[in-house]
$ cat entry-v2.txt   # compact mmCIF, C-alpha atoms and all ligand atoms
# COMPACT_ATOMS: atom_id res chain seq x y z
CA HIS L 133 0.00 0.00 0.00
CA LYS L 134 1.03 3.61 -0.55
CA LYS L 135 -0.58 4.71 2.71
CA GLU L 136 -1.27 3.20 6.11
CA VAL L 137 -4.49 1.21 6.42
CA THR L 138 -6.34 0.22 9.59
CA TYR L 139 -8.57 -2.85 9.66
CA LYS L 140 -11.07 -3.33 12.46
CA CYS L 141 -12.93 -6.41 13.66
CA SER L 142 -14.10 -8.14 16.83
CA ARG L 143 -13.37 -11.70 17.91
CA VAL L 144 -13.83 -13.89 20.95
CA VAL L 145 -10.52 -15.38 22.00
CA ASP L 146 -10.42 -17.85 24.92
CA GLN L 147 -13.85 -16.63 26.08
CA GLU L 148 -12.65 -13.02 26.01
CA ALA L 149 -14.15 -10.40 23.67
CA VAL L 150 -11.38 -8.66 21.76
CA ASP L 151 -11.70 -5.55 19.59
CA LEU L 152 -8.93 -5.65 17.04
CA GLU L 153 -7.42 -2.74 15.18
CA ILE L 154 -4.76 -3.85 12.76
CA LEU L 155 -2.55 -1.13 11.37
CA ASP L 156 -0.74 -2.10 8.17
CA LEU L 157 2.25 0.20 7.87
CA THR L 158 3.71 1.31 4.59
CA TRP L 159 7.14 0.23 3.55
CA LYS L 160 8.49 3.79 3.62
CA SER L 161 7.17 5.06 6.97
CA SER L 162 9.47 7.61 8.64
CA VAL L 163 11.08 6.71 11.98
CA ALA L 164 8.92 9.32 13.74
CA SER L 165 5.75 7.85 12.28
CA LEU L 166 6.95 4.32 13.11
CA GLU L 167 7.63 5.32 16.72
CA SER L 168 4.19 6.84 17.06
CA SER L 169 2.59 3.64 15.67
CA ILE L 170 4.73 1.52 18.00
CA ARG L 171 3.56 3.54 21.03
CA TRP L 172 -0.05 3.03 19.88
CA ALA L 173 0.21 -0.73 19.37
CA ASP L 174 -0.17 -3.49 21.95
CA GLY L 175 1.49 -6.17 19.83
CA PHE L 176 3.45 -6.61 16.63
CA LEU L 177 3.48 -8.94 13.65
CA LEU L 178 6.84 -8.50 11.96
CA LEU L 179 6.64 -9.82 8.42
CA TYR L 180 9.42 -10.62 6.04
CA SER L 181 9.38 -12.43 2.74
CA ILE L 182 11.39 -15.66 2.46
CA THR L 183 12.15 -14.59 -1.13
CA GLN L 184 13.65 -11.23 -0.14
CA ARG L 185 16.62 -11.56 2.17
CA PHE L 186 16.81 -7.83 2.78
CA SER L 187 13.35 -7.90 4.39
CA PHE L 188 14.65 -10.55 6.83
CA LEU L 189 17.79 -8.53 7.57
CA GLU L 190 15.71 -5.51 8.55
CA VAL L 191 13.82 -7.37 11.29
CA PRO L 192 16.39 -6.96 14.13
CA GLN L 193 16.54 -3.19 13.55
CA LEU L 194 12.77 -2.96 13.72
CA LYS L 195 12.64 -5.09 16.88
CA THR L 196 15.27 -2.83 18.52
CA LEU L 197 13.16 0.21 17.66
CA ILE L 198 10.11 -1.49 19.17
CA ASP L 199 11.98 -2.44 22.37
CA GLN L 200 13.46 1.04 22.74
CA THR L 201 10.14 2.76 22.13
CA LYS L 202 8.03 0.50 24.35
CA GLN L 203 10.65 0.11 27.11
CA ASN L 204 8.78 -2.96 28.37
CA LEU L 205 10.44 -6.09 29.65
CA VAL L 206 8.32 -8.24 27.34
CA VAL L 207 6.81 -6.89 24.10
CA PRO L 208 4.31 -9.21 22.35
CA VAL L 209 5.84 -9.92 18.93
CA VAL L 210 5.32 -12.68 16.39
CA LEU L 211 7.81 -12.98 13.54
CA VAL L 212 6.09 -14.07 10.33
CA ALA L 213 8.00 -15.54 7.39
CA ASN L 214 5.70 -14.96 4.43
CA LYS L 215 5.52 -16.36 0.88
CA ALA L 216 6.18 -19.97 1.90
CA ASP L 217 4.52 -21.01 -1.37
CA LEU L 218 7.45 -19.55 -3.34
CA GLU L 219 9.95 -22.28 -2.38
CA ILE L 220 11.78 -21.89 -5.66
CA GLY L 221 12.74 -18.29 -4.85
CA ARG L 222 13.61 -18.92 -1.21
CA GLN L 223 16.47 -16.79 0.17
CA VAL L 224 15.87 -17.32 3.90
CA THR L 225 15.69 -20.79 5.47
CA THR L 226 13.09 -21.79 8.05
CA ASP L 227 15.92 -22.50 10.45
CA GLU L 228 17.26 -18.94 10.12
CA GLY L 229 13.78 -17.58 10.85
CA GLN L 230 13.41 -19.79 13.92
CA ARG L 231 16.84 -18.82 15.22
CA LEU L 232 16.13 -15.10 14.77
CA ALA L 233 12.79 -15.46 16.58
CA LYS L 234 14.59 -17.20 19.45
CA ASP L 235 17.25 -14.46 19.61
CA LEU L 236 14.62 -11.73 19.58
CA ARG L 237 12.43 -13.62 22.09
CA CYS L 238 9.32 -13.66 19.91
CA GLY L 239 6.94 -16.19 18.35
CA PHE L 240 7.58 -17.57 14.88
CA ARG L 241 5.36 -18.66 11.99
CA GLU L 242 6.21 -19.53 8.42
CA LEU L 243 3.21 -19.26 6.12
CA SER L 244 1.80 -18.09 2.85
CA VAL L 245 -0.60 -15.17 3.08
CA ALA L 246 -1.65 -15.93 -0.49
CA GLU L 247 -2.44 -19.61 0.08
CA ALA L 248 -3.19 -20.30 3.74
CA VAL L 249 -5.69 -18.02 5.40
CA LEU L 250 -5.97 -20.31 8.45
CA ALA L 251 -2.25 -19.98 9.08
CA VAL L 252 -2.63 -16.19 8.99
CA GLU L 253 -5.46 -16.42 11.50
CA ALA L 254 -3.30 -18.67 13.72
CA ALA L 255 -0.48 -16.09 13.67
CA VAL L 256 -2.87 -13.29 14.64
CA LEU L 257 -4.38 -15.47 17.40
CA GLN L 258 -0.92 -16.22 18.73
CA LEU L 259 -0.23 -12.50 18.93
CA ILE L 260 -3.59 -11.76 20.60
CA ARG L 261 -2.85 -14.41 23.26
CA LEU L 262 0.57 -12.86 23.91
CA VAL L 263 -1.05 -9.43 24.29
CA LEU L 264 -3.81 -10.75 26.58
CA ASP L 265 -1.18 -12.53 28.66
CA GLN L 266 0.81 -9.32 28.99
CA GLN L 267 -2.24 -7.44 30.21
CA ARG L 268 -2.84 -9.87 33.09
CA PRO L 269 -1.52 -9.01 36.57
CA LEU L 270 2.16 -9.99 36.85
CA PRO L 271 1.93 -13.26 38.84
CA GLU L 272 -0.77 -14.62 36.49
CA ARG L 273 1.28 -14.09 33.35
CA ARG L 274 2.65 -17.07 31.49
CA SER L 275 5.68 -15.03 30.38
CA TYR L 276 6.31 -13.99 34.00
CA MET L 277 5.99 -17.58 35.21
CA LEU L 278 8.43 -18.71 32.51
CA THR L 279 10.91 -15.99 33.53
CA VAL L 280 10.68 -17.15 37.16
CA ARG L 281 11.09 -20.79 36.08
CA HIS L 282 14.18 -19.97 33.97
CA ALA L 283 15.69 -17.97 36.85
CA LEU L 284 15.12 -20.91 39.24
CA THR L 285 16.57 -23.39 36.75
CA ARG L 286 19.66 -21.18 36.34
CA LYS L 287 20.01 -20.93 40.12
CA LEU L 288 19.68 -24.71 40.53
CA THR L 289 22.21 -25.35 37.76
CA ARG L 290 24.63 -22.91 39.41
CA SER L 291 24.34 -24.53 42.83
CA LYS L 292 24.83 -27.99 41.29
CA THR L 293 27.96 -26.73 39.52
CA MET L 294 29.31 -25.37 42.81
CA GLN L 295 28.88 -28.79 44.49
CA TRP L 296 31.10 -30.31 41.81
N1 LIG N 301 3.14 -15.81 -3.90
C1 LIG N 301 2.83 -15.00 -2.90
N2 LIG N 301 2.71 -13.69 -3.11
C2 LIG N 301 2.40 -12.88 -2.06
C3 LIG N 301 2.20 -13.41 -0.76
N3 LIG N 301 1.91 -12.36 0.07
C4 LIG N 301 1.93 -11.27 -0.69
N4 LIG N 301 2.23 -11.56 -1.99
C5 LIG N 301 2.37 -10.64 -3.09
O1 LIG N 301 3.45 -9.77 -2.84
C6 LIG N 301 3.16 -8.44 -3.29
C7 LIG N 301 3.27 -7.47 -2.15
O2 LIG N 301 2.24 -7.76 -1.24
P1 LIG N 301 1.71 -6.69 -0.21
O3 LIG N 301 0.65 -7.31 0.60
O4 LIG N 301 1.42 -5.41 -0.92
O5 LIG N 301 3.00 -6.56 0.68
P2 LIG N 301 3.45 -5.35 1.55
O6 LIG N 301 4.56 -5.85 2.41
O7 LIG N 301 2.28 -4.71 2.19
O8 LIG N 301 4.13 -4.44 0.48
P3 LIG N 301 3.89 -2.88 0.27
O9 LIG N 301 2.55 -2.84 -0.37
O10 LIG N 301 4.99 -2.50 -0.67
O11 LIG N 301 3.98 -2.23 1.61
C8 LIG N 301 1.77 -8.51 -3.90
O12 LIG N 301 1.92 -8.68 -5.28
C9 LIG N 301 1.15 -9.74 -3.27
O13 LIG N 301 0.22 -10.35 -4.10
C10 LIG N 301 2.33 -14.82 -0.56
O14 LIG N 301 2.19 -15.39 0.53
N5 LIG N 301 2.66 -15.56 -1.67

$ encode --input "entry-v2.txt" --output "structure tokens" --more "lines below"
Ligand SMILES: Nc1nc2c(ncn2[C@@H]2O[C@H](COP(=O)(O)OP(=O)(O)OP(=O)(O)O)[C@@H](O)[C@H]2O)c(=O)[nH]1
Amino acid sequence: HKKEVTYKCSRVVDQEAVDLEILDLTWKSSVASLESSIRWADGFLLLYSITQRFSFLEVPQLKTLIDQTKQNLVVPVVLVANKADLEIGRQVTTDEGQRLAKDLRCGFRELSVAEAVLAVEAAVLQLIRLVLDQQRPLPERRSYMLTVRHALTRKLTRSKTMQW
């Protein structure tokens, strides 16, 4: 698109009514406009095309901008590798996508917007669940519980190492 477009709809997700506003940004948004959209948003779908390596290489920069602008410990983000139907023109492997998602601490989906509408819905649902989780009080959050579990595991591993 040459300009930003907002799509609106309502869904029930896990027995919770959710009003969705999806802002599709243009390729050439200025940093100031991007920052303002980032402040507005609760969650982010970062799309790249598996047939355009440069779109993949831009993801970390965008994620840094999101983290800096939101200044939250956990920002709900799902990385989406699009155009999975164009295997012949693939420039980014699934493995690279998964590794980047792990590094950036976000969800990952590889799909084809053109051919698999259910996969698109699943990616959006995954993001909605991350957002809903983030809006729960801290001790009820899955992400918080995972952070606590990882911290405990690290502590246990350390104390085991010390015994050796
Ligand atoms: N084969 C294939 N083509 C796709 C897929 N998704 C998008 N396209 C095509 O890729 C082109 C760009 O799609 P857009 O939806 O405009 O992508 P965009 O990232 O919003 O690009 P801009 O409009 O430049 O901001 C169009 O010609 C789409 O038809 C896909 O999953 N598979």

$ closest_residue --input "entry-v2.txt" --among "L:Leu157, L:Leu262, L:Ala251, L:Cys238" --to "ligand LIG 301 (chain N)" --atoms "all atoms listed in the file"
L:Leu157

$ residues_near_ligand --input "entry-v2.txt" --ligand "ligand LIG 301 (chain N)" --cutoff "7 Å" --atoms "all atoms listed in the file" --output "list in words"
His133, Lys134, Leu157, Thr158, Trp159, Asn214, Lys215, Ala216, Asp217, Leu218, Leu243, Ser244, Val245, Ala246 and Glu247 of chain L

$ write_last_selection --input "entry-v2.txt" --atoms "C-alpha atoms" --output "PDB file, in the frame of the given file"
ATOM      1  CA  HIS L 133       0.000   0.000   0.000  1.00  0.00           C
ATOM      2  CA  LYS L 134       1.030   3.610  -0.550  1.00  0.00           C
ATOM      3  CA  LEU L 157       2.250   0.200   7.870  1.00  0.00           C
ATOM      4  CA  THR L 158       3.710   1.310   4.590  1.00  0.00           C
ATOM      5  CA  TRP L 159       7.140   0.230   3.550  1.00  0.00           C
ATOM      6  CA  ASN L 214       5.700 -14.960   4.430  1.00  0.00           C
ATOM      7  CA  LYS L 215       5.520 -16.360   0.880  1.00  0.00           C
ATOM      8  CA  ALA L 216       6.180 -19.970   1.900  1.00  0.00           C
ATOM      9  CA  ASP L 217       4.520 -21.010  -1.370  1.00  0.00           C
ATOM     10  CA  LEU L 218       7.450 -19.550  -3.340  1.00  0.00           C
ATOM     11  CA  LEU L 243       3.210 -19.260   6.120  1.00  0.00           C
ATOM     12  CA  SER L 244       1.800 -18.090   2.850  1.00  0.00           C
ATOM     13  CA  VAL L 245      -0.600 -15.170   3.080  1.00  0.00           C
ATOM     14  CA  ALA L 246      -1.650 -15.930  -0.490  1.00  0.00           C
ATOM     15  CA  GLU L 247      -2.440 -19.610   0.080  1.00  0.00           C
TER      16      GLU L 247
END

$ residues_around --input "entry-v2.txt" --residues "Thr196 in chain L" --least-positions-apart "2" --cutoff "12 Å" --atoms "all atoms listed in the file" --output "ChimeraX atom specification"
/L:167,170,190-194,198-204,207,209,235-237

$ closest_residue --input "entry-v2.txt" --among "L:Arg261, L:Lys135, L:Arg241, L:Arg274" --to "Val212 in chain L" --atoms "all atoms listed in the file"
L:Arg241

$ closest_residue --input "entry-v2.txt" --among "L:Arg281, L:Tyr139, L:Thr226, L:Trp172" --to "Asp156 in chain L" --atoms "only C-alpha atoms"
L:Tyr139

$ atom_distance --input "entry-v2.txt" --atom1 "CA of Thr138 in chain L" --atom2 "CA of Ile154 in chain L"
5.4 Å

$ residues_around --input "entry-v2.txt" --residues "Arg222 in chain L" --least-positions-apart "4" --cutoff "8 Å" --atoms "all atoms listed in the file" --output "PyMOL selection string"
chain L and resi 182-184+218

$ atom_distance --input "entry-v2.txt" --atom1 "CA of Ser181 in chain L" --atom2 "CA of Gly229 in chain L"
10.6 Å

$ atom_distance --input "entry-v2.txt" --atom1 "CA of Leu250 in chain L" --atom2 "CA of Lys195 in chain L"
25.5 Å

$ closest_residue --input "entry-v2.txt" --among "L:Glu242, L:Lys140, L:Ile260, L:Leu178" --to "Glu219 in chain L" --atoms "all atoms listed in the file"
L:Glu242

$ closest_residue --input "entry-v2.txt" --among "L:Ile220, L:Arg268, L:Arg171, L:Leu177" --to "Gly239 in chain L" --atoms "all atoms listed in the file"
L:Leu177

$ closest_residue --input "entry-v2.txt" --among "L:Gly221, L:Gly175, L:Ala248, L:Val210" --to "Gln267 in chain L" --atoms "all atoms listed in the file"
L:Gly175

$ residues_around --input "entry-v2.txt" --residues "Leu264 in chain L" --least-positions-apart "4" --cutoff "12 Å" --atoms "only C-alpha atoms" --output "MDAnalysis selection string"
chainID L and resid 144:152 174:175 207:208 257:260 268:270 272:275
